[in-house]
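*Asks:* my_file.cif is reproduced in full below (mmCIF, C-alpha atoms and all ligand atoms).
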data_start
#
loop_
_atom_site.label_atom_id
_atom_site.label_comp_id
_atom_site.auth_asym_id
_atom_site.auth_seq_id
_atom_site.Cartn_x
_atom_site.Cartn_y
_atom_site.Cartn_z
CA MET A 1 105.19 185.06 -55.46
CA THR A 2 105.68 184.18 -51.78
CA GLU A 3 102.59 184.88 -49.70
CA ARG A 4 103.80 184.72 -46.17
CA GLU A 5 106.70 184.88 -43.82
CA ILE A 6 107.61 182.21 -41.29
CA LYS A 7 109.59 183.61 -38.39
CA ILE A 8 112.09 181.41 -36.60
CA GLY A 9 113.63 182.04 -33.20
CA PHE A 10 116.68 180.19 -31.97
CA ALA A 11 116.98 179.24 -28.33
CA GLY A 12 120.70 178.57 -28.37
CA LEU A 13 123.10 179.60 -31.12
CA GLY A 14 125.99 177.22 -30.54
CA VAL A 15 127.55 174.91 -33.09
CA VAL A 16 124.28 173.37 -34.32
CA GLY A 17 122.31 176.64 -34.11
CA GLN A 18 124.90 178.45 -36.18
CA GLY A 19 124.86 175.62 -38.71
CA VAL A 20 121.09 175.84 -39.10
CA TRP A 21 121.22 179.63 -39.35
CA LYS A 22 124.04 179.50 -41.93
CA HIS A 23 122.35 176.91 -44.15
CA LEU A 24 118.96 178.59 -43.98
CA GLU A 25 120.60 181.86 -44.99
CA ARG A 26 122.66 180.31 -47.80
CA ASN A 27 119.79 178.33 -49.24
CA ALA A 28 117.16 180.98 -48.66
CA SER A 29 116.00 181.35 -52.24
CA ALA A 30 115.90 177.60 -52.97
CA LEU A 31 114.01 176.97 -49.73
CA GLU A 32 111.65 179.83 -50.44
CA GLN A 33 110.80 178.31 -53.82
CA ARG A 34 110.43 174.87 -52.39
CA LEU A 35 108.39 175.79 -49.33
CA GLY A 36 106.43 178.70 -50.77
CA VAL A 37 107.15 180.99 -47.82
CA ARG A 38 109.82 183.45 -46.83
CA ILE A 39 111.91 182.15 -43.93
CA VAL A 40 112.88 184.94 -41.55
CA LEU A 41 115.71 184.27 -39.11
CA ALA A 42 114.20 186.55 -36.54
CA ARG A 43 115.89 186.28 -33.15
CA ALA A 44 118.24 184.21 -31.05
CA ALA A 45 118.56 183.73 -27.31
CA VAL A 46 122.12 183.16 -26.14
CA ARG A 47 123.88 183.01 -22.80
CA ASP A 48 126.68 185.42 -23.69
CA LEU A 49 125.55 188.46 -25.69
CA THR A 50 129.11 189.65 -26.30
CA LYS A 51 130.47 186.48 -27.90
CA SER A 52 131.14 186.74 -31.65
CA ARG A 53 129.36 184.16 -33.78
CA GLY A 54 129.94 182.81 -37.26
CA VAL A 55 126.60 184.07 -38.59
CA THR A 56 125.19 187.43 -39.62
CA ILE A 57 123.11 188.60 -36.71
CA THR A 58 122.59 192.10 -35.31
CA PRO A 59 122.76 192.93 -31.58
CA GLU A 60 119.04 193.81 -31.71
CA GLN A 61 118.24 190.24 -32.75
CA LEU A 62 119.99 188.81 -29.70
CA THR A 63 118.57 188.35 -26.24
CA ASP A 64 119.75 186.48 -23.17
CA ASP A 65 116.16 185.68 -22.17
CA ALA A 66 115.28 182.33 -23.76
CA ILE A 67 111.91 182.16 -21.99
CA ALA A 68 110.87 185.54 -23.38
CA LEU A 69 111.90 184.32 -26.84
CA ALA A 70 109.81 181.16 -26.39
CA ARG A 71 106.79 183.33 -25.51
CA ASP A 72 107.30 185.83 -28.35
CA PRO A 73 103.98 185.76 -30.22
CA SER A 74 105.58 186.93 -33.47
CA LEU A 75 107.56 183.68 -33.83
CA ASP A 76 106.14 180.65 -35.63
CA ILE A 77 108.96 178.19 -34.95
CA VAL A 78 111.41 177.91 -32.07
CA CYS A 79 114.57 175.85 -32.59
CA GLU A 80 115.53 174.60 -29.14
CA LEU A 81 119.25 174.01 -29.45
CA ILE A 82 120.32 174.85 -25.92
CA GLY A 83 120.97 171.32 -24.73
CA GLY A 84 120.55 170.19 -21.14
CA THR A 85 117.19 169.50 -19.61
CA ALA A 86 116.25 172.33 -17.21
CA LEU A 87 116.04 175.57 -19.23
CA ALA A 88 115.44 173.62 -22.43
CA ARG A 89 112.35 171.99 -20.92
CA GLU A 90 110.95 175.33 -19.79
CA VAL A 91 111.60 176.96 -23.17
CA THR A 92 109.95 174.04 -24.95
CA LEU A 93 106.89 174.06 -22.68
CA GLN A 94 106.44 177.82 -23.07
CA ALA A 95 106.73 177.71 -26.84
CA LEU A 96 104.38 174.71 -27.14
CA ALA A 97 101.84 176.33 -24.83
CA GLY A 98 101.74 179.22 -27.31
CA GLY A 99 100.94 176.81 -30.16
CA LYS A 100 104.34 177.14 -31.81
CA VAL A 101 106.33 174.46 -33.54
CA VAL A 102 109.41 173.48 -31.56
CA VAL A 103 112.25 171.80 -33.43
CA THR A 104 114.93 170.14 -31.33
CA ALA A 105 118.11 168.10 -31.38
CA ASN A 106 117.93 167.52 -27.62
CA LYS A 107 117.94 163.74 -27.04
CA ALA A 108 118.45 163.98 -23.28
CA LEU A 109 115.38 166.20 -22.94
CA ILE A 110 113.17 163.94 -25.05
CA CYS A 111 114.42 160.85 -23.30
CA THR A 112 113.59 162.21 -19.84
CA HIS A 113 110.55 164.42 -20.57
CA GLY A 114 109.25 163.14 -23.92
CA ALA A 115 105.83 162.09 -22.62
CA GLU A 116 105.20 165.52 -21.06
CA LEU A 117 106.48 167.48 -24.07
CA PHE A 118 104.52 165.60 -26.72
CA GLN A 119 101.41 165.99 -24.57
CA ALA A 120 102.12 169.73 -24.30
CA ALA A 121 102.43 169.95 -28.09
CA ALA A 122 99.08 168.21 -28.52
CA GLU A 123 97.36 170.43 -25.94
CA GLY A 124 98.85 173.69 -27.25
CA GLY A 125 98.00 172.91 -30.87
CA GLY A 126 101.67 173.09 -31.87
CA HIS A 127 104.16 170.48 -32.92
CA TYR A 128 107.32 169.02 -31.41
CA LEU A 129 109.74 167.77 -34.06
CA PHE A 130 112.96 165.93 -33.27
CA GLU A 131 114.63 164.41 -36.33
CA ALA A 132 118.04 165.76 -35.24
CA SER A 133 117.86 164.09 -31.84
CA VAL A 134 118.87 160.60 -32.99
CA CYS A 135 121.94 160.03 -35.14
CA GLY A 136 122.23 163.59 -36.49
CA GLY A 137 121.97 163.55 -40.26
CA ILE A 138 120.52 160.03 -40.60
CA PRO A 139 116.77 160.42 -41.25
CA ILE A 140 115.85 157.62 -38.86
CA ILE A 141 112.88 159.31 -37.17
CA LYS A 142 111.02 160.06 -40.38
CA THR A 143 111.99 156.68 -41.81
CA MET A 144 110.39 154.89 -38.88
CA ARG A 145 107.39 157.18 -38.59
CA GLU A 146 106.61 157.43 -42.30
CA SER A 147 108.41 155.03 -44.59
CA LEU A 148 108.24 151.96 -42.31
CA VAL A 149 104.76 152.57 -40.97
CA ALA A 150 103.59 149.15 -42.19
CA ASN A 151 105.93 147.33 -39.82
CA ARG A 152 106.20 145.92 -36.36
CA PHE A 153 109.81 146.09 -35.27
CA ARG A 154 111.44 142.93 -34.01
CA LEU A 155 114.94 144.40 -33.85
CA LEU A 156 116.64 147.76 -34.04
CA TYR A 157 120.30 148.05 -33.39
CA GLY A 158 123.19 150.17 -34.38
CA ILE A 159 126.09 152.43 -33.76
CA LEU A 160 124.43 155.38 -32.08
CA ASN A 161 127.50 157.25 -30.84
CA GLY A 162 130.09 158.59 -33.28
CA THR A 163 132.72 159.44 -30.68
CA CYS A 164 132.95 155.87 -29.39
CA ASN A 165 132.97 154.58 -32.95
CA TYR A 166 135.85 156.92 -33.78
CA ILE A 167 137.83 155.70 -30.76
CA LEU A 168 137.22 152.00 -31.43
CA THR A 169 137.97 152.39 -35.14
CA ARG A 170 141.33 154.09 -34.57
CA MET A 171 142.29 151.55 -31.91
CA GLU A 172 141.69 148.76 -34.38
CA ARG A 173 143.16 150.43 -37.44
CA GLU A 174 146.26 151.96 -35.87
CA SER A 175 146.88 149.67 -32.88
CA LEU A 176 146.42 152.55 -30.44
CA THR A 177 145.34 152.23 -26.83
CA PHE A 178 142.02 153.57 -25.59
CA HIS A 179 143.76 156.47 -23.83
CA GLU A 180 145.87 157.44 -26.84
CA THR A 181 142.80 157.59 -29.05
CA LEU A 182 140.73 159.40 -26.46
CA GLN A 183 143.34 162.19 -26.38
CA ASP A 184 142.92 162.65 -30.14
CA ALA A 185 139.13 162.57 -29.92
CA ARG A 186 139.29 165.31 -27.26
CA ARG A 187 141.70 167.37 -29.35
CA LEU A 188 139.36 167.15 -32.35
CA GLY A 189 136.42 168.28 -30.23
CA TYR A 190 134.50 165.01 -30.71
CA VAL A 191 133.96 164.26 -27.03
CA GLU A 192 131.01 165.90 -25.24
CA ALA A 193 131.88 168.31 -22.40
CA ASP A 194 130.38 165.71 -20.09
CA GLU A 195 132.53 162.82 -21.30
CA ALA A 196 130.38 160.22 -19.57
CA LEU A 197 127.65 160.91 -22.15
CA ASP A 198 129.85 159.47 -24.86
CA LEU A 199 132.27 157.13 -23.11
CA ASP A 200 129.87 155.53 -20.62
CA GLY A 201 127.12 155.00 -23.19
CA TRP A 202 124.53 157.54 -21.95
CA ASP A 203 124.25 159.46 -25.21
CA ALA A 204 123.58 156.19 -27.04
CA ALA A 205 121.12 155.19 -24.31
CA HIS A 206 119.14 158.45 -24.77
CA LYS A 207 118.88 157.68 -28.48
CA ALA A 208 117.92 154.05 -27.80
CA VAL A 209 115.06 155.17 -25.52
CA ILE A 210 113.74 157.48 -28.26
CA LEU A 211 114.01 154.73 -30.89
CA ALA A 212 112.26 152.30 -28.54
CA TYR A 213 109.38 154.76 -28.18
CA LEU A 214 109.10 155.23 -31.93
CA ALA A 215 109.20 151.50 -32.53
CA HIS A 216 107.02 150.34 -29.66
CA GLY A 217 104.98 153.28 -28.34
CA LYS A 218 106.22 153.19 -24.77
CA TRP A 219 108.52 155.56 -22.89
CA PHE A 220 111.08 153.46 -21.11
CA ASN A 221 113.13 154.99 -18.31
CA LEU A 222 116.83 155.36 -18.71
CA GLU A 223 117.11 153.04 -15.70
CA ASP A 224 115.39 150.35 -17.79
CA VAL A 225 118.34 150.35 -20.16
CA ASP A 226 121.32 148.13 -19.43
CA VAL A 227 124.15 150.60 -20.19
CA GLN A 228 127.86 149.86 -20.43
CA GLY A 229 130.44 152.16 -22.04
CA ILE A 230 133.79 151.58 -23.69
CA ARG A 231 136.28 152.67 -21.00
CA ASN A 232 137.17 149.03 -20.20
CA ILE A 233 137.95 148.10 -23.78
CA ASP A 234 141.62 148.13 -24.59
CA LEU A 235 143.77 147.39 -27.57
CA PRO A 236 144.18 143.63 -26.94
CA ASP A 237 140.37 143.20 -26.94
CA VAL A 238 140.07 144.91 -30.30
CA GLN A 239 142.99 142.85 -31.66
CA TRP A 240 141.71 139.52 -30.36
CA ALA A 241 138.25 140.28 -31.64
CA ASN A 242 139.81 141.02 -35.00
CA SER A 243 141.72 137.75 -35.06
CA LEU A 244 138.49 135.89 -34.28
CA GLY A 245 136.65 137.58 -37.19
CA TYR A 246 134.89 140.32 -35.25
CA LYS A 247 134.96 144.07 -34.64
CA VAL A 248 134.24 145.69 -31.30
CA LYS A 249 131.45 148.28 -31.60
CA LEU A 250 129.38 150.13 -29.03
CA LEU A 251 125.87 149.03 -29.97
CA GLY A 252 122.43 150.22 -28.95
CA ILE A 253 120.06 147.24 -29.23
CA ILE A 254 116.27 147.25 -28.92
CA SER A 255 114.83 143.80 -29.40
CA ARG A 256 111.24 142.70 -29.06
CA ASP A 257 109.77 139.26 -28.87
CA LEU A 258 106.63 139.76 -30.95
CA ASP A 259 104.90 136.75 -29.35
CA SER A 260 105.45 137.56 -25.68
CA ASN A 261 105.47 141.32 -26.37
CA ARG A 262 108.56 141.89 -24.29
CA VAL A 263 111.29 144.35 -25.08
CA VAL A 264 114.95 144.55 -24.09
CA ILE A 265 116.89 147.80 -24.48
CA ARG A 266 120.63 147.78 -24.01
CA VAL A 267 123.75 149.73 -24.86
CA HIS A 268 127.08 147.95 -24.61
CA PRO A 269 130.24 147.19 -26.50
CA ALA A 270 129.89 143.94 -28.38
CA LEU A 271 131.75 141.74 -30.83
CA ILE A 272 130.02 141.78 -34.18
CA SER A 273 131.01 139.71 -37.21
CA LYS A 274 133.07 141.56 -39.82
CA ARG A 275 130.60 140.20 -42.39
CA ASN A 276 127.89 142.42 -40.94
CA VAL A 277 127.26 145.75 -42.71
CA VAL A 278 127.08 147.61 -39.40
CA ALA A 279 130.47 146.22 -38.31
CA ASN A 280 132.03 148.00 -41.26
CA VAL A 281 130.68 151.41 -40.37
CA ASP A 282 133.76 153.14 -39.01
CA ASP A 283 135.12 156.48 -37.79
CA VAL A 284 132.51 158.97 -36.62
CA PHE A 285 129.74 157.42 -38.71
CA ASN A 286 126.57 156.03 -37.19
CA ALA A 287 124.42 153.16 -38.47
CA VAL A 288 120.95 151.96 -37.60
CA SER A 289 119.64 148.58 -38.68
CA VAL A 290 115.87 148.22 -38.50
CA THR A 291 114.15 144.87 -38.93
CA GLY A 292 110.42 145.11 -39.57
CA ASP A 293 108.02 142.23 -40.07
CA VAL A 294 107.03 143.53 -43.50
CA VAL A 295 110.13 145.17 -44.94
CA GLY A 296 112.80 142.86 -43.53
CA THR A 297 116.06 144.59 -42.66
CA THR A 298 116.96 148.13 -43.67
CA VAL A 299 120.26 149.74 -42.71
CA LEU A 300 120.78 153.49 -42.62
CA ILE A 301 124.32 154.86 -42.42
CA GLY A 302 125.51 158.43 -42.11
CA ARG A 303 126.96 161.20 -40.03
CA GLY A 304 125.51 161.11 -36.56
CA ALA A 305 126.90 164.41 -35.35
CA GLY A 306 128.57 167.60 -36.51
CA GLN A 307 127.30 171.00 -37.46
CA ASP A 308 126.21 170.36 -41.02
CA ALA A 309 124.71 166.89 -40.61
CA THR A 310 122.68 167.96 -37.59
CA ALA A 311 121.63 171.19 -39.32
CA SER A 312 120.36 169.10 -42.23
CA ALA A 313 118.04 167.21 -39.88
CA VAL A 314 116.84 170.38 -38.11
CA ILE A 315 116.06 172.02 -41.46
CA SER A 316 114.07 168.97 -42.56
CA ASP A 317 111.88 169.51 -39.49
CA ILE A 318 111.60 173.22 -40.25
CA ALA A 319 110.35 172.26 -43.72
CA ASP A 320 107.71 169.98 -42.14
CA ALA A 321 106.78 172.76 -39.73
CA VAL A 322 106.30 175.18 -42.61
CA SER A 323 103.99 172.70 -44.39
CA ALA A 324 101.96 172.27 -41.22
CA ILE A 325 101.71 176.00 -40.59
CA ARG A 326 100.75 176.73 -44.21
CA SER A 327 98.08 174.07 -44.32
CA GLY A 328 96.88 174.72 -40.76
CA SER A 329 97.36 171.00 -40.16
CA ARG A 330 97.06 169.71 -36.61
CA ALA A 331 98.78 166.46 -37.43
CA LEU A 332 102.04 165.84 -39.21
CA SER A 333 102.99 162.41 -40.47
CA SER A 334 106.51 162.98 -39.11
CA GLU A 335 105.48 163.65 -35.55
CA VAL A 336 104.13 161.58 -32.76
CA ASP A 337 100.47 160.58 -32.75
CA LEU A 338 99.95 160.12 -29.03
CA GLU A 339 96.81 157.99 -29.27
CA PHE A 340 98.37 155.62 -31.78
CA TYR A 341 101.45 155.21 -29.58
CA ARG A 342 99.36 154.69 -26.46
CA ARG A 343 97.63 151.75 -28.14
CA LEU A 344 100.86 150.42 -29.60
CA GLY A 345 102.66 150.37 -26.26
CA ALA A 346 99.71 149.25 -24.14
CA ASP A 347 100.63 145.61 -23.52
CA LEU A 348 104.34 145.91 -23.77
CA ALA A 349 106.57 144.74 -20.93
CA LEU A 350 110.25 144.95 -20.28
CA ALA A 351 112.11 141.65 -20.41
CA SER A 352 114.97 141.12 -18.03
CA PRO A 353 118.41 141.24 -19.66
CA ALA A 354 119.12 138.01 -17.76
CA GLU A 355 116.72 136.27 -20.18
CA ILE A 356 118.88 137.13 -23.15
CA ARG A 357 120.89 134.38 -24.78
CA SER A 358 124.17 135.15 -26.46
CA ALA A 359 127.66 133.90 -27.07
CA TYR A 360 130.28 135.82 -25.07
CA TYR A 361 133.83 137.09 -25.15
CA LEU A 362 135.50 136.93 -21.75
CA ARG A 363 138.88 138.43 -20.86
CA LEU A 364 140.49 137.42 -17.59
CA SER A 365 143.80 138.47 -16.06
CA VAL A 366 145.06 135.37 -14.30
CA LEU A 367 148.20 134.03 -12.65
CA ASP A 368 150.04 131.70 -15.00
CA ARG A 369 150.29 128.60 -12.82
CA PRO A 370 149.03 125.00 -12.86
CA GLY A 371 145.32 124.46 -12.45
CA VAL A 372 144.15 128.00 -13.29
CA LEU A 373 142.58 127.09 -16.60
CA ALA A 374 140.93 124.09 -14.92
CA ASP A 375 139.47 126.38 -12.21
CA VAL A 376 138.07 128.76 -14.81
CA ALA A 377 136.61 125.89 -16.85
CA THR A 378 135.06 124.40 -13.68
CA VAL A 379 133.28 127.68 -12.84
CA LEU A 380 131.91 127.97 -16.38
CA ALA A 381 130.83 124.32 -16.43
CA ARG A 382 129.04 124.78 -13.09
CA HIS A 383 126.84 127.43 -14.72
CA GLU A 384 126.28 125.45 -17.93
CA VAL A 385 128.52 127.72 -20.01
CA SER A 386 130.27 125.89 -22.81
CA ILE A 387 133.67 127.21 -23.96
CA ALA A 388 134.18 127.71 -27.71
CA THR A 389 137.78 128.99 -27.89
CA VAL A 390 140.64 129.77 -25.49
CA ILE A 391 143.69 131.98 -26.07
CA GLN A 392 146.36 132.77 -23.51
CA ARG A 393 148.79 135.63 -23.97
CA SER A 394 151.75 136.47 -21.75
CA SER A 395 152.53 139.98 -20.71
CA GLU A 396 155.29 141.76 -22.62
CA GLU A 397 157.05 142.26 -19.26
CA THR A 398 159.10 139.05 -18.94
CA ASP A 399 158.77 138.59 -15.16
CA ASN A 400 155.03 139.42 -14.97
CA PRO A 401 153.22 136.31 -13.64
CA VAL A 402 149.84 137.66 -14.82
CA VAL A 403 148.62 136.66 -18.28
CA SER A 404 145.49 137.41 -20.25
CA LEU A 405 143.11 134.55 -20.80
CA ILE A 406 140.61 135.13 -23.57
CA LEU A 407 137.66 132.81 -23.87
CA THR A 408 134.71 132.78 -26.18
CA THR A 409 131.64 130.80 -25.26
CA HIS A 410 128.86 129.11 -27.11
CA GLU A 411 125.42 130.63 -26.68
CA CYS A 412 124.19 130.64 -23.09
CA SER A 413 121.87 132.70 -20.92
CA GLU A 414 123.10 135.98 -19.58
CA ALA A 415 122.01 134.82 -16.14
CA SER A 416 124.49 131.92 -16.38
CA MET A 417 127.18 134.27 -17.53
CA ARG A 418 126.56 136.71 -14.67
CA CYS A 419 126.75 133.92 -12.10
CA SER A 420 129.98 132.71 -13.73
CA LEU A 421 131.46 136.20 -13.55
CA HIS A 422 130.61 136.43 -9.88
CA ASP A 423 132.39 133.13 -9.16
CA LEU A 424 135.36 133.90 -11.42
CA ASP A 425 135.85 137.20 -9.64
CA ALA A 426 136.16 135.29 -6.38
CA LEU A 427 138.98 133.00 -7.64
CA ALA A 428 142.35 133.86 -6.07
CA SER A 429 144.08 133.37 -9.42
CA VAL A 430 141.89 135.98 -11.17
CA ARG A 431 143.74 139.26 -10.65
CA SER A 432 141.35 141.94 -11.97
CA ARG A 433 137.69 142.30 -12.85
CA PRO A 434 136.86 140.13 -15.88
CA LEU A 435 135.68 141.89 -19.03
CA LEU A 436 132.57 140.37 -20.58
CA LEU A 437 131.29 141.34 -24.02
CA PRO A 438 128.39 139.73 -25.88
CA ILE A 439 129.11 138.36 -29.34
CA VAL A 440 126.04 139.45 -31.24
CA ASP A 441 124.75 137.46 -34.14
CA PHE A 442 122.58 139.56 -36.43
CA ASP A 443 121.91 138.71 -40.07
CA ASN A 444 122.53 142.34 -40.86
N1 LIG B 501 128.37 162.92 -28.94
C1 LIG B 501 127.49 162.33 -29.89
C2 LIG B 501 128.27 161.33 -30.72
C3 LIG B 501 126.83 163.31 -30.81
O1 LIG B 501 129.47 161.24 -30.57
O2 LIG B 501 127.66 160.64 -31.52
C4 LIG B 501 125.61 163.89 -30.21
O3 LIG B 501 124.67 162.89 -29.94
#
Here is a file; write its structure as structure tokens.
Ligand code: HSE
*Replies:*
Amino acid sequence: MTEREIKIGFAGLGVVGQGVWKHLERNASALEQRLGVRIVLARAAVRDLTKSRGVTITPEQLTDDAIALARDPSLDIVCELIGGTALAREVTLQALAGGKVVVTANKALICTHGAELFQAAAEGGGHYLFEASVCGGIPIIKTMRESLVANRFRLLYGILNGTCNYILTRMERESLTFHETLQDARRLGYVEADEALDLDGWDAAHKAVILAYLAHGKWFNLEDVDVQGIRNIDLPDVQWANSLGYKVKLLGIISRDLDSNRVVIRVHPALISKRNVVANVDDVFNAVSVTGDVVGTTVLIGRGAGQDATASAVISDIADAVSAIRSGSRALSSEVDLEFYRRLGADLALASPAEIRSAYYLRLSVLDRPGVLADVATVLARHEVSIATVIQRSSEETDNPVVSLILTTHECSEASMRCSLHDLDALASVRSRPLLLPIVDFDN
């Protein structure tokens, strides 16, 4: 016999909101048995009251006032699925001030206002749960907070953006250009309305900042992240990488030197060995590899976006919220313990990306004439960069004097590589901006 009802309000009933609503409705009796409460889908705040939605909801349950919904004292849980950072922040603050549990998928909001919102949850006596904010259906937040609690994290990296992974995968598999594949990704609805979020790496950077906080207890600014997207990658890069034994993937990387306590956070396309598990995660799938000092390396793979996968993560937080509400618990193992994180992040500093050492892939468009290769080699030698391989490929247009020169280097400092790029750019024979991609070397 179920003793009590838990009432949920939805701020936002778009694709993810409808998915959560649908699955909660469909699985109502199983969830009721499992959680010991009756889940009531009480109300939803939406922008357009007249729009038809794929869920059973009466006009009386709809409002266009998300703030009023957040303040509604009859609600126990508010699912903030509006997106964006202005209204979403206000809704979250109002709901948390009333001691409610807020469940969110909003990575941009957490990334920019996480410190304030977790503090508000602590002060209001509510909870702020965010499993769906990083890599959709992959349970990475709970894994790090609960299952890997024994660890200090030396390295986290992975494919944090499904849209870019889809584009890079199809380029490689079907020999398509970036623009051809992007058209398909748009047609399939994979690309965010603000395309820069996906294509320029910002969505992955939001997720990397959240993972860095979970791993290291410090909120880094988005400006602290070295972010580069995939717009400059084209088919020849993917093909050359392939012939050299690599795949091109957009990676989010959070690495920490446990001795000096310095962290680097970056998002960029990189060449990664085909032998690596993460390199073989294709299409829209995401992967996160976590290396802890106790567990070693664990890799989680799954759907990072989409209605059902994201709904699965939101519902897992709703289940945690129900347990907390039923037991009257002030602390949940799946949420952020501010004091613990304050201590964890206390002595942490940001390392400069220039300190990183890596091998590199370098693509240059150069004039095919005597001495050009010597000029390029001289610039690299001047900055202590040692060349590992060189490939030159002519243009398919017979009278085009510009050819692609592909070099890979042995490991060197990023500072050396940046100085080399600066000097290469200044050579008269180099005809367009060089493309530089790190070749990452992770065990897994
Ligand atoms: N646009 C994201 C992706 C999903 O392609 O992975 C939301 O984070």
*Asks:* May I ask for the distance between atom CA of A:Leu81 and atom CA of A:Ala42, given in Å to one decimal place?
*Replies:*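 Separation between atom CA of A:Leu81 and atom CA of A:Ala42: 15.3 Å.
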*Asks:* Which residues, written as a list in words, have at least one atom at most 9 Å from A:Gly98, with only C-alpha atoms counted and residues fewer than 4 positions away on the same chain left out?
*Replies:*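 In the requested form, the answer reads Ala70, Arg71, Asp72, Pro73, Leu93, Gln94, Gly124, Gly125 and Gly126 of chain A.
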*Asks:* May I have the residues from that selection written out with C-alpha atoms, as a PDB file, keeping the file's coordinate frame?
*Replies:*
ATOM      1  CA  ALA A  70     109.810 181.160 -26.390  1.00  0.00           C
ATOM      2  CA  ARG A  71     106.790 183.330 -25.510  1.00  0.00           C
ATOM      3  CA  ASP A  72     107.300 185.830 -28.350  1.00  0.00           C
ATOM      4  CA  PRO A  73     103.980 185.760 -30.220  1.00  0.00           C
ATOM      5  CA  LEU A  93     106.890 174.060 -22.680  1.00  0.00           C
ATOM      6  CA  GLN A  94     106.440 177.820 -23.070  1.00  0.00           C
ATOM      7  CA  GLY A 124      98.850 173.690 -27.250  1.00  0.00           C
ATOM      8  CA  GLY A 125      98.000 172.910 -30.870  1.00  0.00           C
ATOM      9  CA  GLY A 126     101.670 173.090 -31.870  1.00  0.00           C
TER      10      GLY A 126
END
*Asks:* Here is a test: counting all atoms listed in the file, which residue of A:Ile318, A:Leu96, A:Ile406, A:Leu421 is nearest to A:Val37?
*Replies:*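 Counting all atoms listed in the file, the residue closest to A:Val37 is A:Ile318.
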*Asks:* Rank A:Ala415, A:Ala388, A:Ala215, A:Leu31 by their smallest atom-to-atom distance to A:Ile254, using only C-alpha atoms, and report the top residue only.
*Replies:*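 That would be A:Ala215, the residue with the smallest distance to A:Ile254.
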*Asks:* Which of these residues is nearest to A:Val430, using all atoms listed in the file: A:Ser404, A:Ser29, A:Gly296, A:Asn242?
*Replies:* A:Ser404
*Asks:* Considering all atoms listed in the file, tabulate each residue of chain A that lies at most 6 Å from ligand LIG 501 (chain B) along with its nearest interatomic pair and the corresponding distance in Å to one decimal; arrange the rows by chain and ascending residue number and present them as a Markdown table.
*Replies:*
| residue | atom | partner | partner_atom | distance |
| --- | --- | --- | --- | --- |
| A:Asn161 | CA | B:LIG501 | O2 | 3.5 |
| A:Gly162 | CA | B:LIG501 | O2 | 3.6 |
| A:Thr163 | CA | B:LIG501 | O1 | 3.7 |
| A:Glu192 | CA | B:LIG501 | N1 | 5.4 |
| A:Asp198 | CA | B:LIG501 | N1 | 5.5 |
| A:Asp203 | CA | B:LIG501 | O3 | 5.9 |
| A:Gly304 | CA | B:LIG501 | O2 | 5.5 |
| A:Ala305 | CA | B:LIG501 | C3 | 4.7 |
*Asks:* If we count only C-alpha atoms, what is near A:Arg363 at a cut-off of 6 Å, once residues fewer than 2 positions away on the same chain are taken out, given as a PDB file with C-alpha atoms, keeping the file's coordinate frame?
*Replies:*
ATOM      1  CA  LEU A 405     143.110 134.550 -20.800  1.00  0.00           C
ATOM      2  CA  ILE A 406     140.610 135.130 -23.570  1.00  0.00           C
ATOM      3  CA  PRO A 434     136.860 140.130 -15.880  1.00  0.00           C
ATOM      4  CA  LEU A 435     135.680 141.890 -19.030  1.00  0.00           C
TER       5      LEU A 435
END
*Asks:* Using all atoms listed in the file, give me every residue within 10 Å of (116.5, 166.2, -25.7) in file coordinates, as a PyMOL selection string.
*Replies:* chain A and resi 80-85+88-89+104-114+130+132-134+206-207+210
*Asks:* May I have the protein, DNA and RNA residues with any atom at most 10 Å from the point (126.2, 142.8, -42.6), counting all atoms listed in the file, written as a VMD selection string?
*Replies:* chain A and resid 272 to 281 289 299 442 to 444
*Asks:* Would you list the contacts of A:Leu244 as a PyMOL selection string, taking every protein, DNA or RNA residue within 12 Å and counting all atoms listed in the file, but skipping same-chain residues closer than 3 positions in sequence?
*Replies:* chain A and resi 237-241+247-248+271-274+361+388-391+406-408+439
*Asks:* With distances taken over all atoms listed in the file, which of A:Ala68, A:Thr58, A:Pro401, A:Asp76 is nearest to A:Val40?
*Replies:*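 Of all the options, A:Asp76 lies closest to A:Val40.
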*Asks:* Pick from A:Arg342, A:Asn286, A:Ala319, A:Gly371: nearest to A:Gln33, with only C-alpha atoms counted?
*Replies:* A:Ala319
*Asks:* What are the centre and edge lengths in Å, to one decimal, of the axis-aligned box around all listed atoms of stretch 276-282 of chain A with 8 Å added on each side, as lines of an AutoDock Vina configuration file?
*Replies:*
center_x = 130.4
center_y = 147.8
center_z = -40.5
size_x = 22.7
size_y = 26.7
size_z = 20.4
*Asks:* Name all residues at most 10 Å from stretch 135-143 of chain A (count all atoms listed in the file; drop same-chain ones fewer than 6 positions away) and give them as JSON, numbers by chain.
*Replies:* {"A": [105, 107, 129, 149, 158, 159, 160, 161, 162, 204, 207, 210, 211, 214, 215, 285, 286, 287, 288, 289, 290, 299, 300, 301, 302, 303, 304, 305, 306, 307, 308, 309, 310, 311, 312, 313, 314, 316, 317, 333, 334, 335]}
*Asks:* I'd like the interatomic distance between atom CA of A:Val78 and atom CA of A:Arg38, to a tenth of an Å.
*Replies:*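 One can read the atom CA of A:Val78 to atom CA of A:Arg38 distance as 15.8 Å.
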